[in-house]
Amino acid sequence: MKFTLSWLKDHLETDAAIDQIVEAMTMLGLEVEHVEDPSEKLKAFSVARILDAQPHPNADKLRVCQADTKDGRKEIVCGAPNARAGLVTVYAPIGAYVPGSGITLEARPVRGVVSNGMLCSGAELELDADADGIMELSDDLAIGIPIADALGLSDAVIDFEVTPNRPDWLGVAGIARDLAAAGLGKLKTKAILPVPGRFGSAIDIFTDDASACPVFAGRMVRKIKNGPSPDWLQRRLRAIGLRPRNILVDVTNYLSYDRARPLHVYDADKITGAIRARLGRAGESFKALDGKTYEVTPEMCVIADDARVLGLGGVMGGEESGCSDDTVNVLIESAYFDPLRTFQTGRATGINSDAKYRFERGVDPGFVVPGLDLATRMVLQLCGGEASDMIVAGDIPEGPRAFAFDPDRVRTLAGMNVPAAKSRTILRALGCDVNQDSEAAKRFLVQPPSWRADLQGPADLVEEIARVAGFDELPAAAPPALASGRRPPSSVGESRLRIARRALAAHGYLECVTWSFCARAHAQAFGGGADALVLANPIASDLDCMRPSALPNLLRAAQKNADRGFPDARLFEAGPAYRHDGDDGQVRTIAAIWKPAPKRSWRNPGPPDLFDIKADCLQLLETLSAPVASLQTSAAAPAWWSPGRSGALKLGAKVIAHFGDLHPRALRAIDVEGPALAFEIFVDELPAPRARPTRAKPALEKIDLMPLSRDFAFIVDDRVAAADLVRAALGADKALIADVTLFDVYRGAGVGEGKKSLAIEVTLQPKEKTLAEGDIEAASNAVVAAVMKATGGALRG
C-alpha cells in the first residue's frame with residue numbers, strides 16, 4: 001500500500017515531518033517498508049520541447065531531433081514513434097542515470113549521428129510500465145523546470161505493509177484516522193452528502209445469492225463526457241505506481257486507495273436488461289479487462305445481465321461492458337462481496353487485482369451507499385451529466401456487535417496504567433461509539449465501527465488502547481526467575497533425532513525442513529492419503545494432506561534441484577510423519593534420499609546401489625545405539641519400494657527401517673525422475689539404549705598377536721539371506737571370531753537348481769596365545785556347525 005504525504009494531508013491536519021509520521025505509523029503497528037522521495041531519483045530530468053524531428057539518414061525507425069532544453073539547443077537521436085516537432089517531453093542530459101534502463105548516458109554516435117542526451121518515456125523513468133513512446137507533457141510547461149515539479153512528483157511516497165486484519169488501512173482515510181488518534185494531527189475527512197437522483201434508473205439491479213453478495217447498490221449517470229483525468233488526479237495515481245487511463249477508471253482507482261472502497265463502472269449502453277449478482281453456471285465464460293478469457297464455475301459470484309456474464313464479483317470486470325472515451329451513459333456499482341468466496345475465486349483464476357485484494361480482506365459494509373454517493377459526485381464534477389435514483393438490492397450486513405468493556409482490563413492484560421478517560425478518548429478517536437454501561441458504572445458499552453470487524457471482545461480493545469497510547473509506555477520488568485536453571489532433559493526420541501542430524505550432515509547429506517503436508521496424490525503413492533488426514537483448510541491446493549513420510553517432499557526437493565542444474569542430491573529430514581492405522585497418529589522418522597547422478601568417467605566404479613544406501617542406514621543406526629548386530633534383513637517392503645532391490649531391517653516383529661530403490665511407479669506419481677535410493681528409520685521403534693555404566697571401563701589391552709583368516713563356501717537354498725549366514729558364523733565363537741565378510745555369491749553349474757553358493761571370510765583374532773592347529777580346526781568346525789544349523793546349508797566341496 002502506497003500513499004503520498006500530500007494525499008495524507010487531505011484527511012489529516014498536521015505539521016508533522018515525514019520522519020515523525022513514519023515513526024508514528026511504526027508505533028501504531030503499520031510496518032513501513034520504504035519511504036521514497038521521487039524528486040531525488042528524477043533530479044537530473046527536466047522539461048524540453050522538440051523544435052524539429054527529421055528522419056535519421058542511416059536508420060528508418062530513428063529520428064534526429066532538435067530539442068530546446070535547459071542546456072540550450074541539443075541534437076538528440078530518438079526512436080520513439082511519437083517524436084515530433086512541438087512535443088513537450090522529458091530531457092535527460094549526458095551523465096544522467098536512467099532508472100528504468102539502468103544505464104548512464106554517454107555522448108556516443110547512434111548510426112553515425114551523435115546523440116547529446118535522451119528524450120525519455122514513462123517506463124524509462126519508472127513512472128509508467130505500459131508506456132509506448134516518449135512522454136507527452138502539457139504545452140504550457142516552462143522549458144527546463146524539473147520533471148518532478150512538472151508532474152507533481154516532489155511528494156514523499158510512503159510504502160507500508162498491511163496486516164490481513166486491518167482492511168481499513170487500505171485507504172488513506174483509515175491511516176489518517178489512526179494517526180489522529182495517536183495525537184499526530186486532527187482528522188478532517190469530509191462528510192459525504194447524498195446525491196439526489198434526477199430520474200429513475202433504466203437498469204434494474206438484483207442480488208440472487210445473499211451468501212455471495214449480500215448487498216448491491218448502483219445508479220446510472222447519463223450524458224457524461226469521459227476523457228483524461230485532471231492533472232491533480234493523474235499525479236496522485238502516478239505517484240503510487242498506477243497508470244492514469246480516463247476519468248471513469250481513475251475515479252474508481254482513486255477511491256480504492258483513498259477510502260478502501262472498490263467500485264466498478266459499466267457502459268450502460270452495453271448492458272442487456274437487468275444486472276444481477278448471482279452464482280456462476282457451468283459452461284459460462286467471459287473476457288476480462290486483462291484480455292484473458294476465464295471459465296466460470298458454480299462456486300464463483302458473477303455479475304451478469306440478461307445476455308451474458310459481465311465480470312467476477314469483487315475480482316475483475318469484463319471487456320464487453322467496459323468504458324471507453326466514447327462512453328456516454330454509465331452504471332456505477334458499489335457492492336459487498338463475501339471475502340472467502342472472493343479469495344477462492346481469485347485463487348482459482350489466478351487474478352490478483354486491487355479490488356480482489358480488498359474484498360477478500362473484508363471492506364466496510366457500512367460504506368456501500370456513501371461510497372456510491374462519493375463516486376457519483378466525482379463523476380458529475382469531472383464528467384458532467386445527471387444521476388439517477390440509487391438502487392440498493394439486498395441488505396447491508398450487520399457490523400460488529402456491541403459489548404461491555406472494563407477499562408481496568410488495560411492494566412491487567414497489558415500492564416499499562418491508562419486512565420479510563422483516556423481509554424474512552426482513544427476508542428472514540430478510532431471510530432467506536434462509547435457509552436457508560438447502565439448496569440455497572442465503571443464499565444463502558446462499546447460499539448465498534450462497521451470498518452473494524454476485528455474488534456470482537458475486550459482483549460481487542462486493550463490492544464487498540466495499548467498501541468495508540470504507545471507500546472513504549474509499557475513498564476520495564478524482569479521476568480520471574482525459574483526455580484531451577486537446568487533445562488528439562490529431552491526424550492530419547494528427540495535426542496536421537498538431534499544425533500541423527502549431526503551424523504548425516506557429517507556423512508555428506510544436506511538437511512531439509514519441508515512441510516508436514518503434501519499433495520494427497522503424493523501421500524497415496526507412499527501409503528497415506530486417508531480421509532482423516534486430509535486438511536479442511538489447506539494453505540495451498542497442493543498441500544492438502546498430512547504426509548505419511550518425509551520421502552515425497554525430499555524427492556520433490558531433489559527433483560527441483562536437478563531441474564535447476566544441481567543433480568546428485570543427498571538430502572535428509574528428521575521429523576514427524578502421520579499415520580491413520582493405529583493409536584499413534586504421529587511418529588518420529590529419519591528419512592534420507594540419494595538421487596544419484598555420477599559424473600561420466602572411465603575411473604567411475606558405477607552408480608551407487610541399494611547396498612550403499614543400506615550401509616548409510618546401518619551406520620546411522622549404529623550411531624543411534626541401535627542393536628545393529630541383532631537386526632534381521634527382510635526382503636518384504638511396502639509397495640513404493642522396488643521388489644528385489646529393497647528391504648527392511650527388523651528387530652523381532654518390529655520394522656526398524658526400510659531401505660533400497662524406490663519404485664518407478666511411486667516416482668512417477670510425484671513427478672520425479674528415477675532412479676532414487678532412500679532409507680527411512682522409525683525412531684520410536686528403536687529400543688531404548690542401555691544404561692551407561694557407572695564405572696569406567698578398563699583400558700583395552702594391546703594385542704600383539706597376528707590375526708588369521710579362513711575362507712568357507714556354503715551351498716544354501718536361494719531363499720536364505722546372506723545376512724543370516726554371516727550372523728550365524730559370527731556367533732559361532734564370539735571370543736575368537738573378530739569379523740565375518742561375504743565376498744562371493746554364485747549361482748549356476750555345480751550348485752543345483754534353487755541353490756546358491758555363499759563364500760565368507762572369517763577372521764580369527766587370538767588374544768592370549770598363538771593359535772595351534774587344533775584351535776583353528778575347532779573354530780572352523782564351530783563355524784560350519786553354526787551355519788548349517790541356522791541355514792540348513794552344507795559346506796561346499
# chains A, B, ... in the order shown; residues from 1 in each chain; ligands from 1
$ select_by_dssp --residues "range 412-612 of chain A" --states "strand (DSSP E or B)" --output "ChimeraX atom specification"
/A:433-436,444-447,510-511,517-518,534,545-546,569-578,586-595
$ residues_around --residues "Phe216 in chain A" --least-positions-apart "2" --cutoff "8 Å" --atoms "only C-alpha atoms" --output "PDB file with C-alpha atoms, in the first residue's frame"
ATOM      1  CA  ILE A 205     -30.352  -4.391 -10.062  1.00  0.00           C
ATOM      2  CA  PHE A 206     -30.823  -7.689  -8.202  1.00  0.00           C
ATOM      3  CA  THR A 207     -28.754  -9.876  -5.907  1.00  0.00           C
ATOM      4  CA  CYS A 213     -23.273 -10.731  -2.489  1.00  0.00           C
ATOM      5  CA  PRO A 214     -25.433  -9.535   0.432  1.00  0.00           C
ATOM      6  CA  GLY A 218     -25.907   1.060  -8.193  1.00  0.00           C
ATOM      7  CA  ALA A 277     -25.202 -10.655  -8.720  1.00  0.00           C
ATOM      8  CA  GLU A 333     -21.522  -0.365  -8.918  1.00  0.00           C
ATOM      9  CA  SER A 334     -20.864  -0.367  -5.169  1.00  0.00           C
ATOM     10  CA  ALA A 335     -21.340  -3.760  -3.530  1.00  0.00           C
ATOM     11  CA  TYR A 336     -20.205  -6.037  -0.749  1.00  0.00           C
ATOM     12  CA  VAL A 392     -29.961  -0.874  -3.376  1.00  0.00           C
ATOM     13  CA  ALA A 393     -30.570  -4.616  -3.799  1.00  0.00           C
ATOM     14  CA  GLY A 394     -30.244  -6.832  -0.737  1.00  0.00           C
TER      15      GLY A 394
END
$ closest_residue --among "A:Pro262, A:Pro576, A:Pro370, A:Pro298" --to "Arg341 in chain A" --atoms "only C-alpha atoms"
A:Pro298
$ closest_atom_pairs --of "range 556-671 of chain A" --to "range 720-741 of chain A" --cutoff "10 Å" --atoms "only C-alpha atoms" --output "CSV"
residue,atom,partner,partner_atom,distance
A:Ala629,CA,A:Arg727,CA,7.7
A:Ser630,CA,A:Arg727,CA,8.4
A:Leu631,CA,A:Ala723,CA,9.3
A:Gln632,CA,A:Asp724,CA,7.3
A:Thr633,CA,A:Ala723,CA,6.8
A:Ser634,CA,A:Ala721,CA,8.0
A:Ala635,CA,A:Ala721,CA,8.9
$ write_last_selection --atoms "N, CA and C atoms" --output "CSV table (one decimal), in the first residue's frame"
chain,number,residue,atom,x,y,z
A,629,ALA,N,23.8,-55.6,15.4
A,629,ALA,CA,24.2,-57.0,15.3
A,629,ALA,C,23.0,-57.9,15.4
A,630,SER,N,21.9,-57.4,16.0
A,630,SER,CA,20.7,-58.3,16.2
A,630,SER,C,19.7,-58.1,15.2
A,631,LEU,N,19.9,-57.1,14.2
A,631,LEU,CA,18.9,-56.8,13.2
A,631,LEU,C,18.8,-57.9,12.1
A,632,GLN,N,17.6,-58.2,11.7
A,632,GLN,CA,17.4,-59.2,10.6
A,632,GLN,C,17.0,-58.4,9.4
A,633,THR,N,17.5,-58.8,8.2
A,633,THR,CA,17.2,-58.2,7.0
A,633,THR,C,16.1,-59.0,6.3
A,634,SER,N,15.1,-58.3,5.8
A,634,SER,CA,13.9,-58.9,5.2
A,634,SER,C,13.7,-58.3,3.8
A,635,ALA,N,13.3,-59.1,2.9
A,635,ALA,CA,13.0,-58.5,1.5
A,635,ALA,C,11.6,-57.9,1.5
$ closest_residue --among "A:Leu340, A:Thr26, A:Ala307, A:Asp612" --to "Ser646 in chain A" --atoms "only C-alpha atoms"
A:Asp612
$ residues_around --residues "Gly431 in chain A" --least-positions-apart "4" --cutoff "12 Å" --atoms "only C-alpha atoms" --output "PDB file with N, CA, C and O atoms, in the first residue's frame"
ATOM      1  N   ASP A 168      -9.111  -1.585   6.716  1.00  0.00           N
ATOM      2  CA  ASP A 168      -9.333  -0.139   6.685  1.00  0.00           C
ATOM      3  C   ASP A 168      -8.040   0.622   6.413  1.00  0.00           C
ATOM      4  O   ASP A 168      -8.072   1.784   5.991  1.00  0.00           O
ATOM      5  N   GLY A 174      -8.235   5.755   6.426  1.00  0.00           N
ATOM      6  CA  GLY A 174      -8.062   4.891   7.585  1.00  0.00           C
ATOM      7  C   GLY A 174      -6.729   5.115   8.280  1.00  0.00           C
ATOM      8  O   GLY A 174      -6.639   5.065   9.511  1.00  0.00           O
ATOM      9  N   ARG A 177      -6.975   8.336  10.247  1.00  0.00           N
ATOM     10  CA  ARG A 177      -7.755   8.178  11.480  1.00  0.00           C
ATOM     11  C   ARG A 177      -6.872   7.660  12.616  1.00  0.00           C
ATOM     12  O   ARG A 177      -6.926   8.164  13.749  1.00  0.00           O
ATOM     13  N   ASP A 178      -6.040   6.667  12.338  1.00  0.00           N
ATOM     14  CA  ASP A 178      -5.177   6.127  13.383  1.00  0.00           C
ATOM     15  C   ASP A 178      -4.120   7.138  13.818  1.00  0.00           C
ATOM     16  O   ASP A 178      -3.798   7.244  15.006  1.00  0.00           O
ATOM     17  N   ALA A 180      -4.405  10.376  13.736  1.00  0.00           N
ATOM     18  CA  ALA A 180      -5.084  11.397  14.534  1.00  0.00           C
ATOM     19  C   ALA A 180      -5.353  10.883  15.943  1.00  0.00           C
ATOM     20  O   ALA A 180      -5.201  11.618  16.928  1.00  0.00           O
ATOM     21  N   ALA A 181      -5.726   9.621  16.071  1.00  0.00           N
ATOM     22  CA  ALA A 181      -5.957   9.046  17.391  1.00  0.00           C
ATOM     23  C   ALA A 181      -4.681   9.035  18.226  1.00  0.00           C
ATOM     24  O   ALA A 181      -4.732   9.163  19.448  1.00  0.00           O
ATOM     25  N   LEU A 187      -8.129  14.840  12.489  1.00  0.00           N
ATOM     26  CA  LEU A 187      -8.805  14.203  11.368  1.00  0.00           C
ATOM     27  C   LEU A 187      -9.757  15.205  10.715  1.00  0.00           C
ATOM     28  O   LEU A 187     -10.558  15.852  11.392  1.00  0.00           O
ATOM     29  N   ARG A 424     -11.359   6.020  26.867  1.00  0.00           N
ATOM     30  CA  ARG A 424     -12.573   6.417  26.154  1.00  0.00           C
ATOM     31  C   ARG A 424     -12.241   7.324  24.978  1.00  0.00           C
ATOM     32  O   ARG A 424     -12.772   7.158  23.868  1.00  0.00           O
ATOM     33  N   THR A 425     -11.330   8.265  25.181  1.00  0.00           N
ATOM     34  CA  THR A 425     -10.946   9.188  24.109  1.00  0.00           C
ATOM     35  C   THR A 425     -10.305   8.440  22.946  1.00  0.00           C
ATOM     36  O   THR A 425     -10.598   8.724  21.780  1.00  0.00           O
ATOM     37  N   ILE A 426      -9.447   7.492  23.254  1.00  0.00           N
ATOM     38  CA  ILE A 426      -8.775   6.722  22.197  1.00  0.00           C
ATOM     39  C   ILE A 426      -9.795   5.921  21.391  1.00  0.00           C
ATOM     40  O   ILE A 426      -9.771   5.909  20.149  1.00  0.00           O
ATOM     41  N   LEU A 427     -10.692   5.235  22.083  1.00  0.00           N
ATOM     42  CA  LEU A 427     -11.674   4.412  21.370  1.00  0.00           C
ATOM     43  C   LEU A 427     -12.578   5.262  20.494  1.00  0.00           C
ATOM     44  O   LEU A 427     -12.915   4.874  19.363  1.00  0.00           O
ATOM     45  N   VAL A 446     -19.302  -0.564  24.370  1.00  0.00           N
ATOM     46  CA  VAL A 446     -18.556  -0.152  23.179  1.00  0.00           C
ATOM     47  C   VAL A 446     -19.185  -0.788  21.939  1.00  0.00           C
ATOM     48  O   VAL A 446     -19.389  -2.005  21.887  1.00  0.00           O
ATOM     49  N   GLN A 447     -19.497   0.078  20.968  1.00  0.00           N
ATOM     50  CA  GLN A 447     -19.974  -0.380  19.663  1.00  0.00           C
ATOM     51  C   GLN A 447     -18.868  -0.103  18.634  1.00  0.00           C
ATOM     52  O   GLN A 447     -18.637   1.035  18.254  1.00  0.00           O
ATOM     53  N   PRO A 448     -18.147  -1.147  18.174  1.00  0.00           N
ATOM     54  CA  PRO A 448     -17.104  -0.918  17.172  1.00  0.00           C
ATOM     55  C   PRO A 448     -17.704  -0.412  15.862  1.00  0.00           C
ATOM     56  O   PRO A 448     -18.868  -0.709  15.537  1.00  0.00           O
ATOM     57  N   PRO A 449     -16.960   0.347  15.075  1.00  0.00           N
ATOM     58  CA  PRO A 449     -17.469   0.838  13.794  1.00  0.00           C
ATOM     59  C   PRO A 449     -17.557  -0.280  12.763  1.00  0.00           C
ATOM     60  O   PRO A 449     -16.962  -1.353  12.928  1.00  0.00           O
ATOM     61  N   SER A 450     -18.286  -0.019  11.693  1.00  0.00           N
ATOM     62  CA  SER A 450     -18.513  -1.060  10.677  1.00  0.00           C
ATOM     63  C   SER A 450     -17.234  -1.474   9.980  1.00  0.00           C
ATOM     64  O   SER A 450     -17.152  -2.581   9.447  1.00  0.00           O
ATOM     65  N   TRP A 451     -16.217  -0.591   9.967  1.00  0.00           N
ATOM     66  CA  TRP A 451     -14.969  -0.938   9.273  1.00  0.00           C
ATOM     67  C   TRP A 451     -13.981  -1.688  10.168  1.00  0.00           C
ATOM     68  O   TRP A 451     -12.878  -1.994   9.735  1.00  0.00           O
ATOM     69  N   ARG A 452     -14.349  -2.005  11.408  1.00  0.00           N
ATOM     70  CA  ARG A 452     -13.457  -2.709  12.325  1.00  0.00           C
ATOM     71  C   ARG A 452     -14.082  -4.032  12.763  1.00  0.00           C
ATOM     72  O   ARG A 452     -14.416  -4.240  13.933  1.00  0.00           O
ATOM     73  N   LEU A 455     -12.625  -6.071  15.871  1.00  0.00           N
ATOM     74  CA  LEU A 455     -12.865  -5.747  17.277  1.00  0.00           C
ATOM     75  C   LEU A 455     -14.048  -6.568  17.777  1.00  0.00           C
ATOM     76  O   LEU A 455     -15.202  -6.203  17.598  1.00  0.00           O
ATOM     77  N   GLU A 464      -5.916  -2.134  21.124  1.00  0.00           N
ATOM     78  CA  GLU A 464      -6.049  -0.838  20.454  1.00  0.00           C
ATOM     79  C   GLU A 464      -5.588   0.302  21.372  1.00  0.00           C
ATOM     80  O   GLU A 464      -4.854   1.198  20.955  1.00  0.00           O
TER      81      GLU A 464
END
$ select_by_dssp --residues "range 280-525 of chain A" --states "helix (DSSP H, G or I)" --output "number ranges by chain"
A: 339-349, 354-359, 365-383, 409-414, 420-429, 458-469, 471-473, 492-506, 520-525
$ closest_residue --among "A:Asp433, A:Asp364, A:Asp209, A:Asp704" --to "Thr770 in chain A" --atoms "only C-alpha atoms"
A:Asp704
$ residues_around --residues "Arg498 in chain A" --least-positions-apart "2" --cutoff "12 Å" --atoms "only C-alpha atoms" --output "MDAnalysis selection string"
chainID A and resid 490:496 500:505 511 573:575 588:590 623:624 683
$ closest_residue --among "A:Val628, A:Gly144, A:Leu28, A:His11" --to "Ala44 in chain A" --atoms "only C-alpha atoms"
A:Gly144
$ residues_around --residues "Ser642 in chain A" --least-positions-apart "6" --cutoff "8 Å" --atoms "only C-alpha atoms" --output "short mmCIF file (atom, residue, chain, number, x, y, z; two decimals) with N, CA, C and O atoms, in the first residue's frame"
data_model
loop_
_atom_site.label_atom_id
_atom_site.label_comp_id
_atom_site.auth_asym_id
_atom_site.auth_seq_id
_atom_site.Cartn_x
_atom_site.Cartn_y
_atom_site.Cartn_z
N GLY A 660 16.55 -49.00 0.18
CA GLY A 660 16.66 -49.53 -1.17
C GLY A 660 16.24 -48.56 -2.25
O GLY A 660 16.21 -47.33 -2.05
N ASP A 661 15.91 -49.12 -3.43
CA ASP A 661 15.44 -48.34 -4.58
C ASP A 661 13.95 -48.07 -4.42
O ASP A 661 13.18 -48.96 -4.04
N LEU A 662 13.54 -46.85 -4.76
CA LEU A 662 12.11 -46.53 -4.77
C LEU A 662 11.49 -46.96 -6.09
O LEU A 662 12.11 -46.87 -7.14
N HIS A 663 10.25 -47.42 -6.01
CA HIS A 663 9.57 -47.97 -7.19
C HIS A 663 9.33 -46.88 -8.23
O HIS A 663 8.92 -45.76 -7.89
N PRO A 664 9.60 -47.17 -9.51
CA PRO A 664 9.35 -46.17 -10.57
C PRO A 664 7.91 -45.66 -10.59
O PRO A 664 7.66 -44.50 -10.91
#
$ atom_distance --atom1 "CA of Ile240 in chain A" --atom2 "CA of Ala16 in chain A"
21.1 Å
$ residues_around --residues "Ala785 in chain A" --least-positions-apart "3" --cutoff "10 Å" --atoms "only C-alpha atoms" --output "list in words"
Ala728, Ala729, Ala732, Ala779, Ser780, Asn781, Ala782, Met788, Lys789, Ala790, Gly792, Gly793, Ala794 and Leu795 of chain A
$ closest_residue --among "A:Leu137, A:Ile94, A:Leu677, A:Val64" --to "Val47 in chain A" --atoms "only C-alpha atoms"
A:Leu137
$ residues_around --residues "Lys188 in chain A" --least-positions-apart "6" --cutoff "8 Å" --atoms "only C-alpha atoms" --output "ChimeraX atom specification"
/A:10-13
$ closest_residue --among "A:Ser388, A:Gln619, A:Ser324, A:Ser121" --to "Pro196 in chain A" --atoms "only C-alpha atoms"
A:Ser388
$ atom_distance --atom1 "CA of Ala414 in chain A" --atom2 "CA of Gly185 in chain A"
25.8 Å
$ atom_distance --atom1 "CA of Gln234 in chain A" --atom2 "CA of Asp250 in chain A"
7.8 Å
